[in-house]
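First the structure, in the form of structure tokens, and then the observations on it.
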Amino acid sequence: MAGKQALNIVKMKKMKLDGVPLSMLTAYDYPSARLAEEAGIDLILVGDSLGNVVLGYDSTLPVTIEDMVYHTRAVTRGAEHTFIVADMPFMTYHGGIDETLRSVRRLMQEGRAHAVKMEGGLEICSTVASVVSAGVPVLGHIGLTPQSVNMIGGYRVQGKDPQDAKRLMDEAKALEAAGAFGVVLELVTEEVAEAISKELSIPTIGIGAGRYCDGQVLVFHDLLRYASPYREKRFVKTYADVGSLIREGISQYVQEVKQRSFPDESHIFAADETVLESLYGAAGKGV
């Protein structure tokens with residue numbers, strides 16, 4: 001996008017202070033990233049949600065670091081003027097710090113991301129601090145953490161009782177203290193998300209966390225209903241039904257091929273008579 005300058009973590013923090021919301025969207029390939037940048041998105045997340053919406057898995061757990069590097073590299077080529085965050089996939093940041101930094105290095109050097117995202121609270125704060133100390137911006141992620149869905153009992157709203165609300169607040173503060181430049185709040189009650197957003201000096205980015213976060217993020221395929229079948233989600237607003245348009249367009253193409261109405265005369269390239277003579281001889285021009 002000509003003239004656009006990518007955000008940085010200093011500008012994002014100032015946007016929070018000025019009350020300017022951040023817009024964030026996932027992208028997984030060159031064309032989706034390109035379109036998101038042209039539309040003026042602030043940040044792009046190369047989410048491990050690609051496991052569900054691109055690779056056909058039933059969760060994010062099978063996504064590998066190779067998957068994330070491959071898709072991040074495509075996204076950074078498509079959105080050269082947008083701040084791009086890459087997800088650290090399952091179990092790539094829970095071992096030793098050397099192993100974690102190898103995965104971070106791949107996302108930053110090979111994928112050319114500007115930052116990485118990690119799911120978790122208190123248990124990952126020392127890792128976050130180490131990665132930040134290595135010079136890499138880290139976006140935290142608490143609330144519903146899909147990589148831990150088997151531990152938290154499914155896709156449930158977080159922060160519905162005082163104990164859980166306190167846990168989320170403590171985790172958010174700990175991530176800020178560890179050096180995270182922002183925190184994603186996923187499927188968190190609006191009241192708790194608002195309280196956390198007011199307490200932190202770093203931006204909160206909500207997904208299913210109500211109206212009072214410092215920014216919002218949605219999955220590309222949810223925003224555009226680019227899926228079949230599409231599963232409705234209460235926290236998602238559909239802005240275009242691309243899936244139906246694609247299906248209808250392909251169906252029309254199939255019908256026209258069967259009916260021989262495509263290609264028609266406007267789609268062909270004609271050869272002159274000398275070409276036909278070379279193939280059939282002068283006597284075969286009318287064949």
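Here's how to read the names in the structure tokens: chain A, B, ... by the order shown, residue numbers from 1 in each chain, ligand numbers from 1 in the order shown.
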
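Those residues in segment 57-237 of chain A carrying a DSSP assignment of strand (DSSP E), computed from the backbone, are Phe83, Ile84, Val85, Ala86, Asp87, Ala115, Val116, Lys117, Met118, Glu119, Val138, Leu139, Gly140, His141, Ile142, Gly143, Gly182, Val183, Val184, Leu185, Glu186, Thr204, Ile205, Gly206, Ile207, Gly215, Gln216, Val217 and Leu218 of chain A.
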
Find the residues around Val54 of chain A up to 12 Å (only C-alpha atoms counted), leave out those fewer than 6 positions away in its own chain, and share them as an NGL selection string.
:A and (26-29 or 46-48 or 60 or 63 or 67-68 or 71 or 219-221 or 226-228)

Expected file contents, prior selection, N, CA and C atoms, as a PDB file, in the first residue's frame:
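Final file, part.pdb:
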```pdb
ATOM      1  N   THR A  26      -6.161 -11.907  10.935  1.00  0.00           N
ATOM      2  CA  THR A  26      -5.253 -12.972  10.547  1.00  0.00           C
ATOM      3  C   THR A  26      -5.099 -13.004   9.028  1.00  0.00           C
ATOM      4  N   ALA A  27      -3.980 -13.542   8.577  1.00  0.00           N
ATOM      5  CA  ALA A  27      -3.763 -13.813   7.155  1.00  0.00           C
ATOM      6  C   ALA A  27      -2.781 -14.970   7.090  1.00  0.00           C
ATOM      7  N   TYR A  28      -2.859 -15.732   6.004  1.00  0.00           N
ATOM      8  CA  TYR A  28      -2.067 -16.956   5.920  1.00  0.00           C
ATOM      9  C   TYR A  28      -1.339 -17.119   4.584  1.00  0.00           C
ATOM     10  N   ASP A  29      -1.554 -16.174   3.658  1.00  0.00           N
ATOM     11  CA  ASP A  29      -0.911 -16.285   2.355  1.00  0.00           C
ATOM     12  C   ASP A  29      -0.738 -14.892   1.754  1.00  0.00           C
ATOM     13  N   VAL A  46      -0.276 -13.909  11.710  1.00  0.00           N
ATOM     14  CA  VAL A  46      -0.209 -15.211  11.047  1.00  0.00           C
ATOM     15  C   VAL A  46      -0.492 -16.230  12.143  1.00  0.00           C
ATOM     16  N   GLY A  47      -1.758 -16.557  12.293  1.00  0.00           N
ATOM     17  CA  GLY A  47      -2.192 -17.367  13.417  1.00  0.00           C
ATOM     18  C   GLY A  47      -2.024 -18.855  13.170  1.00  0.00           C
ATOM     19  N   ASP A  48      -1.796 -19.609  14.266  1.00  0.00           N
ATOM     20  CA  ASP A  48      -1.801 -21.057  14.109  1.00  0.00           C
ATOM     21  C   ASP A  48      -3.216 -21.576  13.861  1.00  0.00           C
ATOM     22  N   THR A  60      -5.549 -26.473  16.529  1.00  0.00           N
ATOM     23  CA  THR A  60      -4.273 -25.845  16.163  1.00  0.00           C
ATOM     24  C   THR A  60      -3.075 -26.720  16.525  1.00  0.00           C
ATOM     25  N   VAL A  63      -0.191 -28.005  14.025  1.00  0.00           N
ATOM     26  CA  VAL A  63       0.580 -27.015  13.261  1.00  0.00           C
ATOM     27  C   VAL A  63       2.040 -27.022  13.720  1.00  0.00           C
ATOM     28  N   ASP A  67       5.253 -25.162   9.181  1.00  0.00           N
ATOM     29  CA  ASP A  67       4.015 -24.562   8.667  1.00  0.00           C
ATOM     30  C   ASP A  67       4.020 -23.058   8.901  1.00  0.00           C
ATOM     31  N   MET A  68       4.378 -22.658  10.121  1.00  0.00           N
ATOM     32  CA  MET A  68       4.312 -21.249  10.479  1.00  0.00           C
ATOM     33  C   MET A  68       5.345 -20.429   9.709  1.00  0.00           C
ATOM     34  N   HIS A  71       4.040 -20.044   5.979  1.00  0.00           N
ATOM     35  CA  HIS A  71       2.924 -19.112   5.794  1.00  0.00           C
ATOM     36  C   HIS A  71       3.311 -17.687   6.189  1.00  0.00           C
ATOM     37  N   VAL A 219     -10.463 -13.666  12.724  1.00  0.00           N
ATOM     38  CA  VAL A 219      -9.890 -14.591  11.742  1.00  0.00           C
ATOM     39  C   VAL A 219     -10.406 -14.217  10.359  1.00  0.00           C
ATOM     40  N   PHE A 220      -9.499 -14.132   9.396  1.00  0.00           N
ATOM     41  CA  PHE A 220      -9.820 -13.757   8.016  1.00  0.00           C
ATOM     42  C   PHE A 220     -11.025 -14.530   7.499  1.00  0.00           C
ATOM     43  N   HIS A 221     -11.042 -15.827   7.708  1.00  0.00           N
ATOM     44  CA  HIS A 221     -12.086 -16.685   7.153  1.00  0.00           C
ATOM     45  C   HIS A 221     -13.430 -16.499   7.858  1.00  0.00           C
ATOM     46  N   TYR A 226     -15.477 -17.317   4.724  1.00  0.00           N
ATOM     47  CA  TYR A 226     -14.751 -18.055   3.697  1.00  0.00           C
ATOM     48  C   TYR A 226     -14.511 -19.474   4.208  1.00  0.00           C
ATOM     49  N   ALA A 227     -15.554 -20.282   4.215  1.00  0.00           N
ATOM     50  CA  ALA A 227     -15.464 -21.645   4.721  1.00  0.00           C
ATOM     51  C   ALA A 227     -16.692 -22.426   4.292  1.00  0.00           C
ATOM     52  N   SER A 228     -16.559 -23.735   4.282  1.00  0.00           N
ATOM     53  CA  SER A 228     -17.703 -24.603   4.008  1.00  0.00           C
ATOM     54  C   SER A 228     -17.511 -25.931   4.747  1.00  0.00           C
TER      55      SER A 228
END
```

Exercise: Ala39 of chain A partners within 12 Å, only C-alpha atoms, chain neighbours under 3 positions left out, as a list of chain:residue names
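Listing them by chain and then by number gives A:Met1, A:Ala2, A:Lys4, A:Ser23, A:Met24, A:Leu25, A:Ser32, A:Ala33, A:Arg34, A:Leu35, A:Ala36, A:Asp42, A:Leu43, A:Ile44, A:Ala79, A:Thr82.
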
Take the residues from that selection and put them in a file with C-alpha atoms, as an mmCIF file, in the first residue's frame.
```
data_model
loop_
_atom_site.group_PDB
_atom_site.id
_atom_site.type_symbol
_atom_site.label_atom_id
_atom_site.label_comp_id
_atom_site.auth_asym_id
_atom_site.auth_seq_id
_atom_site.Cartn_x
_atom_site.Cartn_y
_atom_site.Cartn_z
ATOM 1 C CA MET A 1 0.000 0.000 0.000
ATOM 2 C CA ALA A 2 1.776 3.121 -1.253
ATOM 3 C CA LYS A 4 1.692 3.336 4.361
ATOM 4 C CA SER A 23 -7.387 -3.273 14.015
ATOM 5 C CA MET A 24 -5.889 -6.729 13.597
ATOM 6 C CA LEU A 25 -6.714 -9.567 11.208
ATOM 7 C CA SER A 32 -4.997 -12.334 1.807
ATOM 8 C CA ALA A 33 -2.151 -10.324 3.341
ATOM 9 C CA ARG A 34 -2.035 -8.032 0.323
ATOM 10 C CA LEU A 35 -5.767 -7.364 0.479
ATOM 11 C CA ALA A 36 -5.668 -6.763 4.237
ATOM 12 C CA ASP A 42 -3.004 -2.053 11.451
ATOM 13 C CA LEU A 43 -1.580 -5.474 12.308
ATOM 14 C CA ILE A 44 -1.634 -8.910 10.724
ATOM 15 C CA ALA A 79 2.098 -6.972 3.326
ATOM 16 C CA THR A 82 2.217 -3.792 7.942
#
```

I need the residues in segment 43-234 of chain A that are helix (DSSP H, G or I) according to DSSP; give them as number ranges by chain.
A: 50-53, 65-78, 97-110, 122-133, 146-152, 162-178, 190-199, 220-223

Nearby residues (only C-alpha atoms) at most 12 Å from Asp98 of chain A, same-chain spacing under 5 positions excluded, as number ranges by chain
A: 92-93, 103-105, 127, 130-131, 134

Quick one: residues within 12 Å of Phe90 of chain A, only C-alpha atoms counted, chain neighbours fewer than 5 positions away excluded, as a tab-separated table (two decimals) with all heavy atoms, in the first residue's frame?
```tsv
chain	number	residue	atom	x	y	z
A	47	GLY	N	-1.76	-16.56	12.29
A	47	GLY	CA	-2.19	-17.37	13.42
A	47	GLY	C	-2.02	-18.85	13.17
A	47	GLY	O	-2.11	-19.33	12.04
A	48	ASP	N	-1.80	-19.61	14.27
A	48	ASP	CA	-1.80	-21.06	14.11
A	48	ASP	C	-3.22	-21.58	13.86
A	48	ASP	O	-3.41	-22.77	13.61
A	48	ASP	CB	-1.15	-21.75	15.30
A	48	ASP	CG	-1.84	-21.47	16.63
A	48	ASP	OD1	-2.83	-20.71	16.64
A	48	ASP	OD2	-1.38	-22.00	17.66
A	49	SER	N	-4.18	-20.66	13.86
A	49	SER	CA	-5.54	-20.99	13.41
A	49	SER	C	-5.53	-21.46	11.96
A	49	SER	O	-6.53	-22.02	11.48
A	49	SER	CB	-6.46	-19.78	13.55
A	49	SER	OG	-5.87	-18.61	13.01
A	51	GLY	N	-4.24	-23.96	11.06
A	51	GLY	CA	-4.50	-25.39	11.16
A	51	GLY	C	-5.95	-25.73	10.92
A	51	GLY	O	-6.28	-26.72	10.24
A	59	SER	N	-7.96	-28.81	15.13
A	59	SER	CA	-7.44	-27.93	16.18
A	59	SER	C	-6.15	-27.31	15.68
A	59	SER	O	-5.68	-27.60	14.57
A	59	SER	CB	-7.18	-28.71	17.48
A	59	SER	OG	-6.01	-29.50	17.35
A	60	THR	N	-5.55	-26.47	16.53
A	60	THR	CA	-4.27	-25.84	16.16
A	60	THR	C	-3.08	-26.72	16.53
A	60	THR	O	-1.95	-26.42	16.13
A	60	THR	CB	-4.12	-24.49	16.88
A	60	THR	OG1	-4.06	-24.72	18.30
A	60	THR	CG2	-5.27	-23.56	16.56
A	61	LEU	N	-3.29	-27.80	17.26
A	61	LEU	CA	-2.18	-28.57	17.82
A	61	LEU	C	-1.25	-29.20	16.77
A	61	LEU	O	-0.04	-29.27	17.00
A	61	LEU	CB	-2.71	-29.67	18.76
A	61	LEU	CG	-3.56	-29.19	19.94
A	61	LEU	CD1	-3.86	-30.35	20.89
A	61	LEU	CD2	-2.86	-28.07	20.71
A	62	PRO	N	-1.75	-29.67	15.62
A	62	PRO	CA	-0.83	-30.28	14.65
A	62	PRO	C	0.06	-29.29	13.90
A	62	PRO	O	0.96	-29.72	13.17
A	62	PRO	CB	-1.77	-31.00	13.67
A	62	PRO	CG	-3.08	-31.10	14.37
A	62	PRO	CD	-3.15	-29.87	15.22
A	63	VAL	N	-0.19	-28.01	14.03
A	63	VAL	CA	0.58	-27.02	13.26
A	63	VAL	C	2.04	-27.02	13.72
A	63	VAL	O	2.33	-26.97	14.92
A	63	VAL	CB	-0.03	-25.61	13.43
A	63	VAL	CG1	0.83	-24.57	12.73
A	63	VAL	CG2	-1.45	-25.58	12.89
A	64	THR	N	2.96	-27.07	12.77
A	64	THR	CA	4.39	-27.15	13.07
A	64	THR	C	5.09	-25.81	12.84
A	64	THR	O	4.53	-24.89	12.23
A	64	THR	CB	5.06	-28.20	12.16
A	64	THR	OG1	5.00	-27.74	10.80
A	64	THR	CG2	4.37	-29.55	12.28
A	65	ILE	N	6.32	-25.72	13.30
A	65	ILE	CA	7.10	-24.51	13.06
A	65	ILE	C	7.36	-24.36	11.56
A	65	ILE	O	7.39	-23.23	11.05
A	65	ILE	CB	8.42	-24.54	13.87
A	65	ILE	CG1	9.13	-23.17	13.79
A	65	ILE	CG2	9.33	-25.65	13.41
A	65	ILE	CD1	8.40	-22.05	14.47
A	67	ASP	N	5.25	-25.16	9.18
A	67	ASP	CA	4.01	-24.56	8.67
A	67	ASP	C	4.02	-23.06	8.90
A	67	ASP	O	3.70	-22.27	8.01
A	67	ASP	CB	2.78	-25.17	9.35
A	67	ASP	CG	2.55	-26.62	9.03
A	67	ASP	OD1	2.90	-27.06	7.91
A	67	ASP	OD2	1.99	-27.34	9.90
A	68	MET	N	4.38	-22.66	10.12
A	68	MET	CA	4.31	-21.25	10.48
A	68	MET	C	5.35	-20.43	9.71
A	68	MET	O	5.05	-19.31	9.27
A	68	MET	CB	4.52	-21.07	11.99
A	68	MET	CG	3.39	-21.61	12.86
A	68	MET	SD	1.76	-20.94	12.42
A	68	MET	CE	2.08	-19.18	12.51
A	95	GLY	N	9.90	-25.81	26.25
A	95	GLY	CA	11.10	-26.55	26.65
A	95	GLY	C	12.18	-25.59	27.10
A	95	GLY	O	11.91	-24.56	27.72
A	100	THR	N	13.44	-22.71	22.32
A	100	THR	CA	12.49	-21.63	22.05
A	100	THR	C	13.09	-20.59	21.11
A	100	THR	O	12.47	-20.19	20.13
A	100	THR	CB	12.05	-20.95	23.36
A	100	THR	OG1	11.37	-21.91	24.18
A	100	THR	CG2	11.14	-19.77	23.09
A	103	SER	N	13.21	-21.55	17.46
A	103	SER	CA	11.93	-21.37	16.77
A	103	SER	C	11.65	-19.90	16.50
A	103	SER	O	11.17	-19.52	15.43
A	103	SER	CB	10.80	-21.99	17.61
A	103	SER	OG	10.95	-23.38	17.71
A	117	LYS	N	3.85	-14.36	18.88
A	117	LYS	CA	2.78	-14.44	19.87
A	117	LYS	C	2.87	-15.77	20.61
A	117	LYS	O	3.11	-16.81	19.99
A	117	LYS	CB	1.39	-14.30	19.24
A	117	LYS	CG	0.24	-14.38	20.27
A	117	LYS	CD	-1.09	-13.97	19.66
A	117	LYS	CE	-1.70	-15.05	18.81
A	117	LYS	NZ	-2.09	-16.27	19.60
A	118	MET	N	2.66	-15.71	21.93
A	118	MET	CA	2.68	-16.91	22.76
A	118	MET	C	1.42	-16.98	23.61
A	118	MET	O	1.00	-15.97	24.18
A	118	MET	CB	3.90	-16.90	23.69
A	118	MET	CG	5.23	-16.86	23.00
A	118	MET	SD	6.56	-16.88	24.24
A	118	MET	CE	7.99	-16.61	23.20
A	119	GLU	N	0.84	-18.15	23.69
A	119	GLU	CA	-0.33	-18.37	24.54
A	119	GLU	C	0.11	-18.79	25.93
A	119	GLU	O	1.02	-19.62	26.08
A	119	GLU	CB	-1.22	-19.47	23.94
A	119	GLU	CG	-1.86	-19.13	22.62
A	119	GLU	CD	-2.76	-20.24	22.12
A	119	GLU	OE1	-3.04	-21.19	22.88
A	119	GLU	OE2	-3.19	-20.16	20.95
A	120	GLY	N	-0.57	-18.25	26.94
A	120	GLY	CA	-0.29	-18.68	28.30
A	120	GLY	C	-0.13	-17.51	29.25
A	120	GLY	O	-0.05	-16.35	28.83
A	145	THR	N	-7.20	-20.16	25.41
A	145	THR	CA	-5.95	-20.40	24.69
A	145	THR	C	-6.10	-21.73	23.95
A	145	THR	O	-6.03	-22.80	24.55
A	145	THR	CB	-4.77	-20.46	25.68
A	145	THR	OG1	-5.11	-21.31	26.79
A	145	THR	CG2	-4.45	-19.07	26.21
A	146	PRO	N	-6.35	-21.68	22.63
A	146	PRO	CA	-6.67	-22.90	21.88
A	146	PRO	C	-5.64	-24.01	21.99
A	146	PRO	O	-5.99	-25.18	21.91
A	146	PRO	CB	-6.79	-22.38	20.44
A	146	PRO	CG	-7.23	-20.96	20.59
A	146	PRO	CD	-6.50	-20.47	21.80
A	147	GLN	N	-4.36	-23.67	22.17
A	147	GLN	CA	-3.36	-24.71	22.31
A	147	GLN	C	-3.53	-25.51	23.60
A	147	GLN	O	-3.03	-26.63	23.70
A	147	GLN	CB	-1.95	-24.10	22.25
A	147	GLN	CG	-1.57	-23.55	20.89
A	147	GLN	CD	-0.18	-22.94	20.88
A	147	GLN	OE1	0.60	-23.11	21.82
A	147	GLN	NE2	0.14	-22.21	19.82
A	148	SER	N	-4.26	-24.94	24.57
A	148	SER	CA	-4.48	-25.62	25.86
A	148	SER	C	-5.93	-26.06	26.02
A	148	SER	O	-6.38	-26.31	27.13
A	148	SER	CB	-4.10	-24.68	27.02
A	148	SER	OG	-2.79	-24.20	26.87
A	149	VAL	N	-6.64	-26.16	24.90
A	149	VAL	CA	-8.08	-26.41	24.97
A	149	VAL	C	-8.40	-27.72	25.68
A	149	VAL	O	-9.43	-27.85	26.35
A	149	VAL	CB	-8.70	-26.37	23.56
A	149	VAL	CG1	-8.23	-27.55	22.71
A	149	VAL	CG2	-10.22	-26.31	23.63
```

Expressed in Å to a single decimal, how great is the separation between atom CA of Gln109 of chain A and atom CA of Lys11 of chain A?
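Result for atom CA of Gln109 of chain A versus atom CA of Lys11 of chain A: 23.2 Å, one decimal.
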
Could you make a table, as a tab-separated table, of the residues of segment 208-260 of chain A that have an atom within 12 Å of an atom of segment 176-194 of chain A, each with its nearest atom pair and distance in Å to one decimal, counting only C-alpha atoms, in chain and number order?
```
residue	atom	partner	partner_atom	distance
A:Gly208	CA	A:Leu187	CA	4.5
A:Ala209	CA	A:Val188	CA	4.7
A:Gly210	CA	A:Glu190	CA	4.5
A:Arg211	CA	A:Glu190	CA	6.9
A:Tyr212	CA	A:Glu194	CA	5.2
A:Cys213	CA	A:Glu194	CA	6.1
A:Asp214	CA	A:Glu194	CA	9.1
A:Gly215	CA	A:Val184	CA	9.0
A:Gln216	CA	A:Val184	CA	8.7
A:Val217	CA	A:Val184	CA	8.4
A:Leu218	CA	A:Glu186	CA	10.4
A:Lys233	CA	A:Leu187	CA	11.1
A:Arg234	CA	A:Leu187	CA	10.3
A:Phe235	CA	A:Leu187	CA	8.4
A:Val236	CA	A:Leu187	CA	11.3
```

If we count only C-alpha atoms and set the cut-off at 6 Å, which residues sit around Arg225 of chain A, ignoring sequence neighbours fewer than 4 positions away in its own chain? Please answer as a PyMOL selection string.
chain A and resi 221+241-243

Write the residues of the selection above to a file with all heavy atoms, as an mmCIF file, in the first residue's frame.
```
data_model
loop_
_atom_site.group_PDB
_atom_site.id
_atom_site.type_symbol
_atom_site.label_atom_id
_atom_site.label_comp_id
_atom_site.auth_asym_id
_atom_site.auth_seq_id
_atom_site.Cartn_x
_atom_site.Cartn_y
_atom_site.Cartn_z
ATOM 1 N N HIS A 221 -11.042 -15.827 7.708
ATOM 2 C CA HIS A 221 -12.086 -16.685 7.153
ATOM 3 C C HIS A 221 -13.430 -16.499 7.858
ATOM 4 O O HIS A 221 -14.485 -16.790 7.283
ATOM 5 C CB HIS A 221 -11.649 -18.149 7.212
ATOM 6 C CG HIS A 221 -10.483 -18.456 6.320
ATOM 7 N ND1 HIS A 221 -9.250 -17.859 6.488
ATOM 8 C CD2 HIS A 221 -10.368 -19.281 5.251
ATOM 9 C CE1 HIS A 221 -8.417 -18.307 5.561
ATOM 10 N NE2 HIS A 221 -9.065 -19.163 4.803
ATOM 11 N N ASP A 241 -19.820 -12.311 2.427
ATOM 12 C CA ASP A 241 -20.008 -13.758 2.305
ATOM 13 C C ASP A 241 -19.246 -14.255 1.079
ATOM 14 O O ASP A 241 -19.820 -14.573 0.045
ATOM 15 C CB ASP A 241 -21.496 -14.083 2.205
ATOM 16 C CG ASP A 241 -21.778 -15.581 2.246
ATOM 17 O OD1 ASP A 241 -20.803 -16.368 2.276
ATOM 18 O OD2 ASP A 241 -22.957 -15.967 2.239
ATOM 19 N N VAL A 242 -17.923 -14.314 1.223
ATOM 20 C CA VAL A 242 -17.067 -14.702 0.114
ATOM 21 C C VAL A 242 -17.251 -16.174 -0.250
ATOM 22 O O VAL A 242 -17.178 -16.554 -1.421
ATOM 23 C CB VAL A 242 -15.590 -14.411 0.467
ATOM 24 C CG1 VAL A 242 -14.655 -15.012 -0.556
ATOM 25 C CG2 VAL A 242 -15.370 -12.903 0.555
ATOM 26 N N GLY A 243 -17.505 -17.001 0.745
ATOM 27 C CA GLY A 243 -17.676 -18.420 0.485
ATOM 28 C C GLY A 243 -18.780 -18.709 -0.513
ATOM 29 O O GLY A 243 -18.615 -19.511 -1.445
#
```

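When only C-alpha atoms are used to measure the gap to Ser244 of chain A, the shortest distance among A:Pro162, A:Gly140, A:Pro229, A:Gly40 belongs to A:Pro229.
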
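Comparing A:Gln163, A:Ser133, A:Ser266, A:Ser201 by their smallest distance to Val10 of chain A, the closest is A:Ser201 (using only C-alpha atoms).
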
At what distance in Å, to one decimal, does atom CA of Asp87 of chain A lie from atom CA of Arg73 of chain A?
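Computed distance, atom CA of Arg73 of chain A to atom CA of Asp87 of chain A, equals 12.7 Å.
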